[in-house]
Amino acid sequence: LLTSATNDIISKCYATTAIKNGVKVIELQHGLVVYDEEWPFRINQIHAVWGKSLSSIMAQGNETKTLRITGFPYFDKYKKKTNIRSRIKRGGKKSILILSTLPVAADRLIASTSPYQFLKIVFDAVKSSRIKYQIIFRPHPSSNSAWVKEFAVKSNIDLSYDQRELPLDEVISKSDIVIGNLTSAIIDAFLQQKPVLIYSFSEPASINLRQHQLITTGAAAIFNTAKELQGLLAKTNSDNDFANKMESGQKKFLESYCSINELPASDRLIKLITSQLRS
């Protein structure tokens, strides 16, 4: 059984039934991880994770013998150079893409900032910038944040609301800057070498993103206030050294956290499955 989750009730029912009937369960790790708080609730024989540095995080609560590094098949598509076209009309303005940034599910329990407060930070920074921006807002799949459109109008912000009608890689390709939180969607931005600015909804005592490899490698920069974001927007547009260091950090992150320079993840996963069928 190949699955992306075994810790929720329905997924665990499938996995438990499979194991009781002699079926091996391989679980694909999904999403960015600060610490592996889900390990007591999963049920699998093998956990296929993205890369070496992530494997060390997952091993803190897991048995290392159950971990295998395979990469993530979704990222394989970026190994092929494609001509990405976008249907977003920009009107000559620079574009900021906001990706899946509103806290959902359990994240709401540790969020110290509301979605409204977060967007006010972004809108205030954009209005204070010397450069005119169009904002593309793309919410999480489980969220329909239509109220954002009215908030943008009242704030005099040029906003394009994308309820995931467009492919993610297409939207990113036409964006100059990407803003996100701890969401795997920002890795798509890394793979397209876009500047990424991170906001954390939680207190450092809950999730200290400044200690996460996203920040320590220089792959992304973190902000907490409108003034900090305004400064990062200015540096992103005018400081070539800042942009080059971020691009270098993204390459380092993709190599260590996602093993992006190894063989395609789909090939490694098939090899793992084959080895389990033979054992």
# chains A, B, ... in the order shown; residues from 1 in each chain; ligands from 1
call {"tool": "closest_atom_pairs", "arguments": {"of": "stretch 122-141 of chain A", "to": "stretch 222-227 of chain A", "cutoff": "12 Å", "atoms": "only C-alpha atoms", "output": "tab-separated table"}}
result
residue	atom	partner	partner_atom	distance
A:Val122	CA	A:Ala226	CA	6.2
A:Phe123	CA	A:Ala226	CA	8.1
A:Asp124	CA	A:Ala226	CA	6.1
A:Ala125	CA	A:Ala226	CA	4.8
A:Val126	CA	A:Ala226	CA	8.5
A:Lys127	CA	A:Ala226	CA	10.0
A:Ser128	CA	A:Lys227	CA	8.9
A:Ser129	CA	A:Lys227	CA	10.0
call {"tool": "atom_distance", "arguments": {"atom1": "atom CA of A:Lys65", "atom2": "atom CA of A:Lys77"}}
result
29.1 Å
call {"tool": "closest_residue", "arguments": {"among": "A:Ala243, A:Ile177, A:Leu97, A:Leu119", "to": "A:Phe201", "atoms": "only C-alpha atoms"}}
result
A:Leu119
call {"tool": "select_by_dssp", "arguments": {"residues": "stretch 137-229 of chain A", "states": "helix (DSSP H, G or I)", "output": "number ranges by chain"}}
result
A: 147-154, 168-173, 185-191, 209-211, 213-216, 226-229
call {"tool": "write_last_selection", "arguments": {"atoms": "C-alpha atoms", "output": "PDB file, in the first residue's frame"}}
result
ATOM      1  CA  TRP A 147     -13.196  38.148   2.159  1.00  0.00           C
ATOM      2  CA  VAL A 148      -9.642  38.951   1.042  1.00  0.00           C
ATOM      3  CA  LYS A 149     -10.997  40.511  -2.169  1.00  0.00           C
ATOM      4  CA  GLU A 150     -13.128  43.051  -0.296  1.00  0.00           C
ATOM      5  CA  PHE A 151     -10.266  43.788   2.110  1.00  0.00           C
ATOM      6  CA  ALA A 152      -7.965  44.505  -0.860  1.00  0.00           C
ATOM      7  CA  VAL A 153     -10.497  46.900  -2.421  1.00  0.00           C
ATOM      8  CA  LYS A 154     -10.878  48.815   0.854  1.00  0.00           C
ATOM      9  CA  LEU A 168       0.902  26.454  -9.522  1.00  0.00           C
ATOM     10  CA  ASP A 169       4.052  26.476 -11.646  1.00  0.00           C
ATOM     11  CA  GLU A 170       2.346  28.813 -14.116  1.00  0.00           C
ATOM     12  CA  VAL A 171       1.424  31.331 -11.428  1.00  0.00           C
ATOM     13  CA  ILE A 172       4.898  31.229  -9.899  1.00  0.00           C
ATOM     14  CA  SER A 173       6.565  31.754 -13.277  1.00  0.00           C
ATOM     15  CA  ALA A 185       4.316  25.168  -2.234  1.00  0.00           C
ATOM     16  CA  ILE A 186       7.291  27.470  -1.667  1.00  0.00           C
ATOM     17  CA  ILE A 187       9.591  24.679  -2.868  1.00  0.00           C
ATOM     18  CA  ASP A 188       8.058  25.166  -6.316  1.00  0.00           C
ATOM     19  CA  ALA A 189       9.241  28.780  -6.040  1.00  0.00           C
ATOM     20  CA  PHE A 190      12.750  27.590  -5.122  1.00  0.00           C
ATOM     21  CA  LEU A 191      12.763  25.323  -8.160  1.00  0.00           C
ATOM     22  CA  LEU A 209      11.326  29.194  11.877  1.00  0.00           C
ATOM     23  CA  ARG A 210      14.552  31.175  12.250  1.00  0.00           C
ATOM     24  CA  GLN A 211      16.232  27.892  13.209  1.00  0.00           C
ATOM     25  CA  GLN A 213      16.896  25.125   7.333  1.00  0.00           C
ATOM     26  CA  LEU A 214      14.704  27.329   5.146  1.00  0.00           C
ATOM     27  CA  ILE A 215      16.241  30.331   6.899  1.00  0.00           C
ATOM     28  CA  THR A 216      19.655  29.048   8.019  1.00  0.00           C
ATOM     29  CA  ALA A 226       5.312  45.608   7.703  1.00  0.00           C
ATOM     30  CA  LYS A 227       8.567  47.554   8.135  1.00  0.00           C
ATOM     31  CA  GLU A 228      10.642  44.357   7.896  1.00  0.00           C
ATOM     32  CA  LEU A 229       8.733  43.257   4.792  1.00  0.00           C
TER      33      LEU A 229
END
call {"tool": "closest_residue", "arguments": {"among": "A:Ile96, A:Leu233, A:Val49, A:Ala59", "to": "A:Cys258", "atoms": "only C-alpha atoms"}}
result
A:Val49
call {"tool": "atom_distance", "arguments": {"atom1": "atom CA of A:Glu165", "atom2": "atom CA of A:Val196"}}
result
22.0 Å
call {"tool": "residues_around", "arguments": {"residues": "A:Tyr133", "least_positions_apart": "4", "cutoff": "6 Å", "atoms": "only C-alpha atoms", "output": "NGL selection string"}}
result
:A and (93-95)
call {"tool": "write_last_selection", "arguments": {"atoms": "N, CA, C and O atoms", "output": "PDB file, in the first residue's frame"}}
result
ATOM      1  N   LYS A  93       3.072  45.870 -14.038  1.00  0.00           N
ATOM      2  CA  LYS A  93       3.478  45.945 -12.633  1.00  0.00           C
ATOM      3  C   LYS A  93       4.269  44.704 -12.229  1.00  0.00           C
ATOM      4  O   LYS A  93       4.119  43.642 -12.824  1.00  0.00           O
ATOM      5  N   LYS A  94       5.091  44.863 -11.200  1.00  0.00           N
ATOM      6  CA  LYS A  94       5.719  43.700 -10.601  1.00  0.00           C
ATOM      7  C   LYS A  94       4.667  42.951  -9.798  1.00  0.00           C
ATOM      8  O   LYS A  94       3.694  43.534  -9.319  1.00  0.00           O
ATOM      9  N   SER A  95       4.889  41.661  -9.622  1.00  0.00           N
ATOM     10  CA  SER A  95       3.856  40.817  -9.037  1.00  0.00           C
ATOM     11  C   SER A  95       4.366  40.100  -7.797  1.00  0.00           C
ATOM     12  O   SER A  95       5.461  39.541  -7.789  1.00  0.00           O
TER      13      SER A  95
END
call {"tool": "closest_residue", "arguments": {"among": "A:Gly22, A:Gly31, A:Gly231, A:Pro40", "to": "A:Asn7", "atoms": "only C-alpha atoms"}}
result
A:Pro40
call {"tool": "closest_residue", "arguments": {"among": "A:Tyr14, A:Phe72, A:Phe41, A:Tyr35", "to": "A:Glu262", "atoms": "only C-alpha atoms"}}
result
A:Phe72
